[in-house]
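Enquirer: One file: coords-v4.txt (compact mmCIF, C-alpha atoms).
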```txt
# COMPACT_ATOMS: atom_id res chain seq x y z
CA MET V 1 0.00 0.00 0.00
CA LEU V 2 2.80 2.41 0.95
CA GLU V 3 4.67 1.57 -2.25
CA ARG V 4 1.58 2.32 -4.32
CA ILE V 5 1.14 5.70 -2.62
CA ASP V 6 4.81 6.58 -3.23
CA LYS V 7 4.52 5.68 -6.91
CA GLN V 8 1.37 7.76 -7.20
CA ARG V 9 3.07 10.74 -5.57
CA LEU V 10 6.06 10.36 -7.89
CA SER V 11 3.70 10.28 -10.86
CA HIS V 12 2.05 13.47 -9.65
CA TYR V 13 5.34 15.32 -9.36
CA LEU V 14 6.49 14.08 -12.78
CA GLN V 15 3.33 15.58 -14.24
CA VAL V 16 4.14 18.85 -12.49
CA ILE V 17 7.65 18.80 -14.01
CA LEU V 18 6.26 18.29 -17.53
CA LEU V 19 3.85 21.17 -17.08
CA ALA V 20 6.70 23.32 -15.77
CA LEU V 21 8.81 22.56 -18.86
CA ALA V 22 6.00 23.67 -21.15
CA ALA V 23 5.24 26.76 -19.08
CA SER V 24 8.89 27.83 -18.98
CA VAL V 25 9.16 28.15 -22.75
CA ILE V 26 5.65 29.52 -23.33
CA TYR V 27 5.52 32.19 -20.62
CA SER V 28 9.10 33.45 -20.62
CA ALA V 29 9.23 34.73 -24.23
CA PRO V 30 6.84 37.67 -23.63
CA TYR V 31 9.15 38.76 -20.80
CA LEU V 32 12.48 38.70 -22.61
CA ARG V 33 12.62 42.39 -21.76
CA GLN V 34 13.66 41.47 -18.21
CA LEU V 35 17.12 40.59 -19.57
CA PHE V 36 17.20 42.12 -23.04
CA LYS V 37 15.15 45.32 -22.78
CA THR V 38 17.71 47.67 -24.32
CA SER V 39 18.62 45.05 -26.93
CA LEU V 40 14.97 44.61 -27.93
CA LEU V 41 14.61 48.37 -28.31
CA ASP V 42 17.67 48.41 -30.58
CA ALA V 43 17.07 45.22 -32.59
CA PHE V 44 13.41 45.97 -33.37
CA SER V 45 13.88 49.78 -33.58
CA LEU V 46 11.27 50.38 -30.87
CA THR V 47 10.62 53.27 -28.51
CA GLU V 48 9.89 52.85 -24.79
CA ILE V 49 6.21 53.57 -25.49
CA GLN V 50 6.04 50.97 -28.26
CA LEU V 51 7.69 48.33 -26.08
CA GLY V 52 5.16 49.14 -23.38
CA ASN V 53 2.36 48.80 -25.94
CA LEU V 54 3.58 45.31 -26.87
CA SER V 55 3.42 44.22 -23.23
CA THR V 56 -0.02 45.80 -22.89
CA THR V 57 -1.28 44.02 -26.02
CA TYR V 58 -0.10 40.71 -24.58
CA ALA V 59 -1.83 41.52 -21.30
CA ILE V 60 -5.14 42.59 -22.88
CA CYS V 61 -5.36 39.46 -25.02
CA SER V 62 -4.52 37.40 -21.95
CA ILE V 63 -7.25 39.09 -19.93
CA ILE V 64 -9.80 38.43 -22.68
CA CYS V 65 -8.84 34.75 -22.75
CA TYR V 66 -8.82 33.95 -19.03
CA LEU V 67 -12.51 33.04 -18.74
CA PRO V 68 -12.71 31.19 -22.09
CA GLY V 69 -9.50 29.42 -21.10
CA GLY V 70 -11.09 28.36 -17.81
CA TRP V 71 -14.14 27.06 -19.67
CA ILE V 72 -11.90 25.07 -22.03
CA ALA V 73 -9.92 23.71 -19.07
CA ASP V 74 -13.13 22.25 -17.66
CA ARG V 75 -13.65 20.28 -20.89
CA VAL V 76 -10.34 19.38 -22.61
CA ALA V 77 -7.53 17.14 -21.34
CA PRO V 78 -4.45 19.08 -20.13
CA ARG V 79 -2.05 17.04 -22.31
CA THR V 80 -3.95 18.04 -25.46
CA LEU V 81 -3.89 21.70 -24.51
CA VAL V 82 -0.17 21.59 -23.69
CA ILE V 83 0.67 20.10 -27.10
CA ILE V 84 -1.43 22.71 -28.93
CA ALA V 85 0.19 25.51 -26.94
CA LEU V 86 3.74 24.29 -27.62
CA PHE V 87 3.41 23.95 -31.39
CA SER V 88 1.50 27.23 -31.67
CA SER V 89 4.20 28.99 -29.66
CA ALA V 90 6.94 27.54 -31.85
CA ALA V 91 5.20 28.96 -34.93
CA THR V 92 4.96 32.45 -33.43
CA TYR V 93 8.61 32.35 -32.29
CA ALA V 94 9.71 31.49 -35.83
CA TRP V 95 7.79 34.55 -37.04
CA TYR V 96 9.29 36.67 -34.25
CA ALA V 97 12.83 35.66 -35.29
CA THR V 98 12.35 37.38 -38.67
CA ILE V 99 12.45 40.76 -36.84
CA PRO V 100 9.04 41.89 -38.13
CA GLY V 101 7.66 45.42 -38.00
CA TYR V 102 5.77 47.02 -35.15
CA THR V 103 2.29 46.03 -36.41
CA GLU V 104 3.32 42.38 -36.76
CA LEU V 105 4.88 42.49 -33.30
CA LEU V 106 1.53 43.61 -31.91
CA ILE V 107 -0.12 40.59 -33.57
CA ILE V 108 2.54 38.21 -32.25
CA HIS V 109 2.17 39.48 -28.68
CA GLY V 110 -1.61 39.17 -28.99
CA LEU V 111 -1.23 35.55 -30.14
CA TRP V 112 1.04 34.84 -27.18
CA GLY V 113 -1.78 35.95 -24.89
CA VAL V 114 -4.26 33.66 -26.64
CA ILE V 115 -1.90 30.67 -26.57
CA GLY V 116 -0.57 31.04 -23.05
CA VAL V 117 -3.85 31.91 -21.37
CA GLY V 118 -6.64 30.73 -23.65
CA VAL V 119 -5.07 27.33 -24.17
CA LEU V 120 -2.76 26.48 -21.26
CA TRP V 121 -3.15 28.63 -18.17
CA ALA V 122 -6.26 27.41 -16.32
CA ALA V 123 -5.71 23.82 -17.45
CA MET V 124 -2.28 23.81 -15.83
CA PHE V 125 -3.41 25.18 -12.47
CA LYS V 126 -6.60 23.15 -12.32
CA HIS V 127 -4.67 19.96 -13.00
CA ILE V 128 -2.22 20.63 -10.18
CA ARG V 129 -4.95 21.78 -7.77
CA LEU V 130 -6.71 18.45 -8.27
CA LEU V 131 -3.51 16.40 -8.03
CA ALA V 132 -2.58 17.78 -4.62
CA GLY V 133 -4.27 16.99 -1.33
CA GLY V 134 -4.96 19.67 1.24
CA ASP V 135 -1.60 19.10 2.94
CA GLU V 136 0.39 19.30 -0.32
CA GLN V 137 -0.99 22.43 -1.97
CA GLY V 138 2.01 24.57 -1.04
CA ARG V 139 4.61 22.00 -2.06
CA MET V 140 2.88 21.14 -5.33
CA PHE V 141 2.45 24.73 -6.49
CA GLY V 142 5.85 25.63 -5.08
CA THR V 143 7.38 22.80 -7.11
CA LEU V 144 5.66 24.10 -10.24
CA GLU V 145 7.02 27.61 -9.68
CA GLY V 146 10.47 26.32 -8.72
CA ALA V 147 10.72 23.94 -11.67
CA ARG V 148 9.47 26.63 -14.06
CA GLY V 149 12.10 28.90 -12.65
CA LEU V 150 14.86 26.31 -13.02
CA PHE V 151 14.02 25.53 -16.64
CA GLU V 152 13.48 29.21 -17.46
CA ALA V 153 16.78 30.17 -15.84
CA ILE V 154 18.63 27.49 -17.80
CA LEU V 155 16.95 28.59 -21.01
CA LEU V 156 17.70 32.28 -20.46
CA THR V 157 21.25 31.60 -19.29
CA VAL V 158 21.92 29.71 -22.51
CA ALA V 159 20.22 32.52 -24.43
CA THR V 160 22.41 35.11 -22.68
CA PHE V 161 25.55 33.17 -23.63
CA VAL V 162 24.42 32.84 -27.25
CA PHE V 163 23.50 36.54 -27.36
CA GLY V 164 27.02 37.48 -26.28
CA VAL V 165 28.61 35.46 -29.11
CA PHE V 166 27.26 37.73 -31.85
CA ALA V 167 28.67 41.10 -32.82
CA THR V 168 25.38 43.02 -32.98
CA ARG V 169 22.33 43.11 -30.76
CA LYS V 170 20.09 42.31 -33.73
CA LEU V 171 21.93 39.08 -34.60
CA GLY V 172 22.05 38.18 -30.92
CA MET V 173 18.28 38.59 -30.49
CA ILE V 174 17.53 36.56 -33.65
CA ASN V 175 19.50 33.61 -32.31
CA VAL V 176 17.99 33.92 -28.85
CA ILE V 177 14.52 33.66 -30.40
CA ILE V 178 15.61 30.68 -32.52
CA ILE V 179 16.53 28.86 -29.30
CA TYR V 180 12.96 29.35 -28.06
CA THR V 181 11.56 28.13 -31.38
CA VAL V 182 13.56 24.90 -31.34
CA PHE V 183 12.87 24.22 -27.66
CA ALA V 184 9.10 24.68 -28.00
CA ALA V 185 8.85 22.50 -31.10
CA GLY V 186 11.08 19.79 -29.61
CA LEU V 187 9.12 19.67 -26.37
CA GLY V 188 5.89 19.47 -28.36
CA VAL V 189 7.19 16.40 -30.18
CA ILE V 190 8.16 14.79 -26.87
CA MET V 191 4.70 15.47 -25.42
CA LEU V 192 3.10 13.75 -28.40
CA PHE V 193 4.65 10.47 -27.24
CA MET V 194 3.93 10.92 -23.54
CA LYS V 195 1.00 9.25 -21.87
CA GLY V 196 -1.93 11.34 -20.78
CA ALA V 197 -2.02 12.71 -17.26
CA THR V 198 -3.31 10.45 -14.53
CA GLY V 199 -4.19 11.18 -10.95
CA ASN V 200 -7.12 12.70 -9.09
CA GLU V 201 -8.31 14.80 -11.97
CA ASN V 202 -12.05 14.68 -12.40
CA ASN V 203 -13.64 14.60 -15.77
CA ASN V 204 -16.22 17.32 -15.62
CA ALA V 205 -16.63 17.84 -19.33
CA SER V 206 -20.14 16.45 -19.25
CA GLU V 207 -21.24 18.69 -16.37
CA LYS V 208 -22.80 21.97 -17.38
CA ILE V 209 -21.76 25.10 -15.55
CA HIS V 210 -24.87 27.02 -14.49
CA LEU V 211 -25.35 30.67 -13.67
CA ALA V 212 -25.69 29.70 -10.01
CA ASP V 213 -22.15 28.29 -10.13
CA VAL V 214 -20.78 31.56 -11.49
CA LEU V 215 -22.68 33.51 -8.83
CA LEU V 216 -21.19 31.18 -6.23
CA ILE V 217 -17.73 32.26 -7.35
CA LEU V 218 -18.63 35.96 -7.37
CA LYS V 219 -20.20 35.81 -3.90
CA GLN V 220 -17.06 34.46 -2.24
CA PRO V 221 -15.15 37.24 -0.42
CA THR V 222 -12.06 35.03 -0.53
CA ILE V 223 -12.14 35.06 -4.34
CA TRP V 224 -12.05 38.86 -4.41
CA LEU V 225 -9.24 38.94 -1.86
CA LEU V 226 -7.27 36.54 -4.05
CA CYS V 227 -7.75 38.96 -6.95
CA ILE V 228 -6.22 41.79 -4.90
CA ILE V 229 -3.37 39.58 -3.68
CA LEU V 230 -2.56 38.40 -7.21
CA THR V 231 -2.48 42.01 -8.44
CA ALA V 232 0.04 42.86 -5.73
CA VAL V 233 2.12 39.74 -6.45
CA TYR V 234 2.39 40.75 -10.08
CA HIS V 235 3.47 44.27 -9.16
CA VAL V 236 6.39 42.82 -7.20
CA PHE V 237 7.20 40.58 -10.15
CA TRP V 238 7.34 43.63 -12.43
CA ALA V 239 9.82 45.20 -10.03
CA THR V 240 12.15 42.28 -10.79
CA ILE V 241 11.60 42.80 -14.54
CA GLU V 242 12.64 46.47 -14.38
CA PHE V 243 15.53 45.79 -11.99
CA PRO V 244 18.29 44.93 -14.56
CA SER V 245 17.50 47.99 -16.68
CA PHE V 246 17.56 50.12 -13.52
CA ALA V 247 21.04 48.76 -12.78
CA GLU V 248 22.21 49.52 -16.34
CA THR V 249 20.69 52.95 -16.99
CA GLY V 250 19.64 54.26 -13.58
CA GLY V 251 22.93 55.95 -12.73
CA PHE V 252 24.98 53.04 -11.37
CA ALA V 253 27.23 52.96 -14.47
CA MET V 254 26.78 49.19 -14.73
CA PRO V 255 27.70 47.86 -18.21
CA LEU V 256 25.19 45.88 -20.27
CA ALA V 257 26.96 42.54 -19.68
CA ALA V 258 26.94 43.03 -15.90
CA ALA V 259 23.29 44.14 -15.84
CA THR V 260 22.29 41.13 -17.94
CA ALA V 261 24.21 38.85 -15.56
CA LEU V 262 22.39 40.50 -12.66
CA GLY V 263 19.07 39.68 -14.31
CA ALA V 264 20.18 36.08 -14.93
CA THR V 265 21.16 35.78 -11.26
CA LYS V 266 17.67 36.91 -10.31
CA LEU V 267 16.18 34.15 -12.45
CA TRP V 268 18.19 31.53 -10.56
CA MET V 269 16.43 32.64 -7.38
CA ARG V 270 13.14 31.35 -8.76
CA PRO V 271 13.70 27.59 -8.21
CA PRO V 272 14.67 27.83 -4.51
CA GLY V 273 12.23 30.71 -3.94
CA GLY V 274 9.20 28.78 -5.17
CA VAL V 275 10.10 25.46 -3.57
CA LEU V 276 11.16 26.84 -0.17
CA ALA V 277 8.09 29.07 0.08
CA GLY V 278 5.86 26.11 -0.76
CA MET V 279 7.48 23.88 1.85
CA LEU V 280 7.30 26.62 4.46
CA GLY V 281 3.67 27.26 3.54
CA ASP V 282 2.70 23.64 4.21
CA ARG V 283 4.44 23.88 7.59
CA ILE V 284 3.30 27.25 9.00
CA GLY V 285 0.47 28.15 6.62
CA ASN V 286 0.50 29.60 3.11
CA ILE V 287 -1.26 32.79 4.21
CA HIS V 288 1.36 33.51 6.88
CA VAL V 289 4.10 33.00 4.29
CA MET V 290 2.38 35.46 1.94
CA GLU V 291 2.17 38.07 4.70
CA TRP V 292 5.88 37.87 5.53
CA LEU V 293 6.89 37.86 1.86
CA PHE V 294 4.78 40.93 1.14
CA LEU V 295 6.40 42.69 4.08
CA GLY V 296 9.82 41.85 2.65
CA GLY V 297 8.69 43.04 -0.78
CA ILE V 298 7.57 46.40 0.63
CA LEU V 299 10.90 46.95 2.38
CA GLY V 300 12.85 45.84 -0.72
CA CYS V 301 10.99 48.20 -3.07
CA LEU V 302 11.39 51.08 -0.64
CA TYR V 303 15.13 50.43 -0.63
CA LEU V 304 15.23 50.62 -4.45
CA ALA V 305 13.16 53.80 -4.32
CA LEU V 306 15.57 55.48 -1.90
CA VAL V 307 19.04 54.11 -2.67
CA PRO V 308 21.46 56.73 -4.06
CA THR V 309 21.80 56.10 -7.80
CA THR V 310 25.57 56.44 -8.05
CA PRO V 311 28.30 53.97 -9.08
CA ASP V 312 29.40 53.73 -5.43
CA PHE V 313 26.19 51.85 -4.62
CA ALA V 314 26.23 49.47 -7.61
CA TRP V 315 27.64 46.65 -5.47
CA THR V 316 24.58 46.78 -3.20
CA LEU V 317 22.40 45.65 -6.12
CA TRP V 318 24.33 42.37 -6.25
CA VAL V 319 23.69 41.80 -2.56
CA PHE V 320 20.06 42.91 -2.86
CA ILE V 321 19.06 40.65 -5.74
CA PHE V 322 19.41 37.40 -3.79
CA PRO V 323 16.80 37.99 -1.05
CA PHE V 324 14.57 40.07 -3.30
CA GLY V 325 14.54 37.41 -6.01
CA LEU V 326 13.75 34.70 -3.45
CA LEU V 327 10.79 36.58 -1.98
CA ALA V 328 9.39 37.71 -5.36
CA TYR V 329 9.31 34.16 -6.69
CA GLY V 330 8.19 32.82 -3.32
CA LEU V 331 5.08 35.00 -3.64
CA ARG V 332 4.33 33.48 -7.04
CA GLY V 333 5.05 29.97 -5.81
CA VAL V 334 2.62 30.11 -2.88
CA PHE V 335 -0.19 32.19 -4.37
CA TRP V 336 -2.25 29.50 -6.10
CA ALA V 337 -2.09 27.29 -3.01
CA LEU V 338 -4.33 29.94 -1.39
CA LEU V 339 -7.12 28.72 -3.67
CA TYR V 340 -7.59 25.89 -1.16
CA GLU V 341 -9.02 28.49 1.23
CA CYS V 342 -11.89 29.16 -1.20
CA PRO V 343 -14.91 26.79 -1.12
CA VAL V 344 -15.22 26.37 -4.90
CA PRO V 345 -16.64 23.13 -6.42
CA ALA V 346 -14.18 21.23 -8.61
CA ARG V 347 -16.55 21.38 -11.60
CA VAL V 348 -16.10 25.18 -11.79
CA LEU V 349 -12.51 25.32 -10.60
CA GLY V 350 -11.19 26.23 -14.06
CA THR V 351 -13.73 29.05 -14.33
CA ALA V 352 -12.77 30.31 -10.86
CA ILE V 353 -9.09 30.30 -11.83
CA GLY V 354 -9.98 32.19 -15.01
CA PHE V 355 -11.91 34.85 -13.08
CA ILE V 356 -9.15 35.35 -10.49
CA SER V 357 -6.62 35.58 -13.30
CA ILE V 358 -8.65 38.21 -15.17
CA MET V 359 -8.88 40.41 -12.12
CA GLY V 360 -5.37 39.82 -10.85
CA TYR V 361 -3.34 39.75 -14.05
CA SER V 362 -5.13 42.79 -15.48
CA SER V 363 -2.29 44.69 -13.85
CA ASP V 364 -0.10 43.32 -16.63
CA ALA V 365 -1.93 45.68 -18.97
CA TYR V 366 -1.20 48.91 -17.12
CA ILE V 367 2.03 48.34 -15.17
CA PRO V 368 4.24 48.65 -18.31
CA GLN V 369 2.30 51.78 -19.24
CA VAL V 370 3.06 53.25 -15.81
CA SER V 371 6.74 52.45 -16.34
CA ALA V 372 6.75 53.90 -19.86
CA TYR V 373 4.99 57.09 -18.67
CA LEU V 374 7.54 57.62 -15.91
CA GLN V 375 10.44 56.97 -18.29
CA SER V 376 9.03 59.50 -20.75
CA ASN V 377 8.44 62.25 -18.19
CA TYR V 378 11.26 61.95 -15.66
CA GLU V 379 15.01 61.49 -15.61
CA THR V 380 15.84 57.79 -15.94
CA GLY V 381 17.01 57.13 -12.39
CA THR V 382 14.15 59.12 -10.88
CA ALA V 383 11.61 57.34 -13.09
CA TYR V 384 12.74 53.92 -11.89
CA GLN V 385 12.68 54.97 -8.24
CA LEU V 386 9.16 56.37 -8.57
CA PHE V 387 8.15 53.07 -10.15
CA PHE V 388 9.54 51.07 -7.21
CA ALA V 389 7.72 53.36 -4.74
CA TYR V 390 4.51 52.65 -6.67
CA VAL V 391 5.14 48.89 -6.41
CA ALA V 392 5.72 49.23 -2.65
CA ALA V 393 2.26 50.82 -2.34
CA ALA V 394 0.67 47.96 -4.29
CA ALA V 395 2.47 45.39 -2.12
CA THR V 396 1.01 47.11 0.95
CA LEU V 397 -2.49 46.43 -0.40
CA GLY V 398 -1.46 42.80 -0.97
CA LEU V 399 -0.33 42.51 2.64
CA ALA V 400 -3.65 43.90 3.89
CA ALA V 401 -5.65 41.50 1.67
CA SER V 402 -3.56 38.54 2.87
CA TRP V 403 -4.27 39.50 6.48
CA LEU V 404 -8.02 39.66 5.78
CA LEU V 405 -7.91 36.31 3.98
CA GLY V 406 -6.22 34.82 7.03
CA ARG V 407 -8.96 36.11 9.33
CA ILE V 408 -11.66 34.59 7.10
CA ALA V 409 -9.79 31.29 6.79
CA ARG V 410 -9.46 31.00 10.57
CA ALA V 411 -13.17 31.66 11.14
CA PRO V 412 -15.24 28.59 12.14
CA GLU V 413 -17.38 28.68 9.01
CA SER V 414 -14.30 28.56 6.79
CA SER V 415 -13.81 24.87 7.50
CA GLU V 416 -15.72 23.99 4.34
CA ARG V 417 -13.37 23.28 1.44
CA SER V 418 -13.80 22.79 -2.28
CA THR V 419 -14.80 19.31 -3.38
```
Can you give me the file's structure in the form of structure tokens?

Expert:
Amino acid sequence: MLERIDKQRLSHYLQVILLALAASVIYSAPYLRQLFKTSLLDAFSLTEIQLGNLSTTYAICSIICYLPGGWIADRVAPRTLVIIALFSSAATYAWYATIPGYTELLIIHGLWGVIGVGVLWAAMFKHIRLLAGGDEQGRMFGTLEGARGLFEAILLTVATFVFGVFATRKLGMINVIIIYTVFAAGLGVIMLFMKGATGNENNNASEKIHLADVLLILKQPTIWLLCIILTAVYHVFWATIEFPSFAETGGFAMPLAAATALGATKLWMRPPGGVLAGMLGDRIGNIHVMEWLFLGGILGCLYLALVPTTPDFAWTLWVFIFPFGLLAYGLRGVFWALLYECPVPARVLGTAIGFISIMGYSSDAYIPQVSAYLQSNYETGTAYQLFFAYVAAAATLGLAASWLLGRIARAPESSERST
């Protein structure tokens, strides 16, 4: 009996690893700016506003697709959706590698939103939510975030090395994108020969979702608190995206190679950040972990907003990136485990994930616009520091929402859990 349970658990974690591999190549491409922002501006002849518009286009298309993606996740097998997403992504990456014009770039970023969210997003999280028992939510989601981070860090580290081989930024970016194309297509082929997912996943395709089920989701205060928390989590994540460019152009006189290496170092904080936060969450409570991580995020962003932007303080950014990277990715690793605190029936779990994602990830549409506005209206170093102060304010709201969620979860009536 014990051997059977161990094999089942191993099977569950292998499924998580496969999903993490797919997610790493599908979701990291839209955020290449976190390492290659200045190179993207140069290679594609873009302005700061245009680059912000590309990120906003990706976000808007993602937002539109969250609910349809949740509906699809309640009806189509995760393996099928993963395969579709991988081959579709490979096709768009091949197009991206041709260095198309601005209009085509808008279309490509829109397609990335449709593929990543409409096809894969809710299916991935629903599958893991159903695989994990109540005492493994933190570890399972933490493993997903950590494994995604490991694979993404490896992929981007290889991409950074390849980028440095070429004489111009344009040639470097073309070959970086080719790496993504080959990886996505190759992983899609591998998935074609893998067996379908097994585990505790329920087949709810035949169950209709009624208006009463949707109202059940909307009436849950915990659902709305999760929306606020996710918005704050994503603000902190965007602080890590802007961090390498801040180091390069914010007044620290850090060369491009060093700033890129700083960004790559941040990415390597994702595997331990997600896994450790998940393990700690299962031990002391995921909500408590979120509260402490938000507090750390507030203090970290305030430091970036106040640190003197001179070369004498450049070394502090290397010290700073380790704890800040750990807490930023810890927030992402633990967040979806909080869904266990919401009494949502399994038949509408995909729809609930879609709704939370719409509300929470909508910040992806306006955060880059905030950054672009500040960059266009203030001196570079000042613009970045105002942006980090703004993120600190958003993280404060996330801390307050986490505290309220904890109070509701500890109330006697909160003992009911999703089935």

Enquirer: For a quick check of your reading of the model, name the residues lying within 9 Å of the coordinate (-5.2, 26.4, -17.1), counting all atoms listed in the file, and write them as a list in words.

Expert: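 Every polymer residue passing the test: Tyr66, Gly69, Gly70, Ile72, Ala73, Asp74, Pro78, Leu81, Gly116, Val117, Gly118, Val119, Leu120, Trp121, Ala122, Ala123, Met124, Phe125, Lys126, His127, Gly350, Ile353 and Gly354 of chain V.
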
Enquirer: Figure out the distance between CA of Gly110 in chain V and CA of Thr231 in chain V, please, to one decimal in Å.

Expert: 20.8 Å

Enquirer: Would you list the residues near (-0.8, 28.8, 6.7) (no more than 10 Å away, in the coordinates of the file, using all atoms listed in the file) as a list in words?

Expert: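 Neighbouring residues, ordered by chain and number, come to Gly138, Leu280, Gly281, Asp282, Arg283, Ile284, Gly285, Asn286, Ile287, His288, Val289, Met290, Glu291, Ala337, Leu338, Glu341, Gly406, Ala409 and Arg410 of chain V.
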
Enquirer: Between V:Leu405, V:Ile83, V:Leu317, V:Ala184, which has the minimum distance to Ala29 in chain V (counting all atoms listed in the file)?

Expert: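 Once distances to Ala29 in chain V are computed over all atoms listed in the file, the minimum belongs to V:Ala184.
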
Enquirer: Taking all atoms listed in the file into account, name the residue in V:Ala22, V:Leu41, V:Ile179, V:Val348 that is nearest to Leu155 in chain V.

Expert: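 Of all the options, V:Ile179 lies closest to Leu155 in chain V.
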
Enquirer: Could you check which of V:Tyr373, V:Phe355, V:Phe246, V:Trp336 is closest to Leu304 in chain V, using only C-alpha atoms?

Expert: V:Phe246

Enquirer: What is the CA of Thr380 in chain V to CA of Met254 in chain V distance in Å?

Expert: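 Distance between the two atoms: 14.0 Å.
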
Enquirer: Using only C-alpha atoms, which residues sit within 12 Å of Ile321 in chain V once same-chain residues fewer than 5 positions away are excluded, as JSON, numbers by chain?

Expert: {"V": [239, 240, 241, 243, 244, 247, 259, 261, 262, 263, 264, 265, 266, 267, 268, 269, 270, 297, 300, 301, 303, 304, 314, 315, 316, 326, 327, 328, 329]}

Enquirer: I'd like the contact shell of Phe44 in chain V - 9 Å cut-off, all atoms listed in the file, skipping same-chain residues fewer than 5 positions apart - returned as a ChimeraX atom specification.

Expert: /V:39,99-102,170

Enquirer: Let's have the selection written as a PDB file, in the coordinates of the input, with C-alpha atoms.

Expert:
```pdb
ATOM      1  CA  SER V  39      18.620  45.050 -26.930  1.00  0.00           C
ATOM      2  CA  ILE V  99      12.450  40.760 -36.840  1.00  0.00           C
ATOM      3  CA  PRO V 100       9.040  41.890 -38.130  1.00  0.00           C
ATOM      4  CA  GLY V 101       7.660  45.420 -38.000  1.00  0.00           C
ATOM      5  CA  TYR V 102       5.770  47.020 -35.150  1.00  0.00           C
ATOM      6  CA  LYS V 170      20.090  42.310 -33.730  1.00  0.00           C
TER       7      LYS V 170
END
```

Enquirer: What is the CA of Trp71 in chain V-CA of Ile84 in chain V distance in Å, reported with one decimal?

Expert: 16.3 Å

Enquirer: Using all atoms listed in the file, determine which residues lie at most 8 Å from Gly330 in chain V, disregarding the query and same-chain residues fewer than 6 positions distant; provide the list as a ChimeraX atom specification.

Expert: /V:142,270,273-278,293

Enquirer: Which residue out of V:Tyr13, V:Tyr93, V:Phe183, V:Phe36 has the minimum interatomic distance to Thr160 in chain V when only C-alpha atoms are used?

Expert: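 So, comparing all the options, the nearest one is V:Phe36.
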
Enquirer: With distances taken over all atoms listed in the file, which of V:Ala372, V:Ala257, V:Leu46, V:Val182 is nearest to Leu105 in chain V?

Expert: V:Leu46

Enquirer: Env of Gly113 in chain V: 7 Å cut, atoms = only C-alpha atoms, seq-sep filter 6 positions within chain, self excluded. Answer as a list in words.

Expert: Tyr58, Ala59, Cys61 and Ser62 of chain V

Enquirer: Could you save the residues just selected, with C-alpha atoms, as an mmCIF file, in the frame of the given file?

Expert:
```cif
data_model
loop_
_atom_site.group_PDB
_atom_site.id
_atom_site.type_symbol
_atom_site.label_atom_id
_atom_site.label_comp_id
_atom_site.auth_asym_id
_atom_site.auth_seq_id
_atom_site.Cartn_x
_atom_site.Cartn_y
_atom_site.Cartn_z
ATOM 1 C CA TYR V 58 -0.100 40.710 -24.580
ATOM 2 C CA ALA V 59 -1.830 41.520 -21.300
ATOM 3 C CA CYS V 61 -5.360 39.460 -25.020
ATOM 4 C CA SER V 62 -4.520 37.400 -21.950
#
```

Enquirer: So that I can see what lies close to Gln369 in chain V, please list as a count of residues only the residues with an atom at most 12 Å from it, counting only C-alpha atoms and leaving out residues fewer than 4 positions away in the same chain.

Expert: 20

Enquirer: Nearest to Leu225 in chain V: which of V:Ala392, V:Leu339, V:Ile60, V:Leu299 is it, counting only C-alpha atoms?

Expert: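 Of the candidates, the smallest distance to Leu225 in chain V is held by V:Leu339.
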
Enquirer: As AutoDock Vina command-line options, please report the centre and edge lengths, rounded to one decimal in Å, of the axis-aligned box that holds all listed atoms of range 75-86 of chain V with 8 Å of padding on each of the six sides.

Expert:
```
--center_x -5.0 --center_y 21.3 --center_z -24.5 --size_x 33.4 --size_y 24.5 --size_z 24.8
```
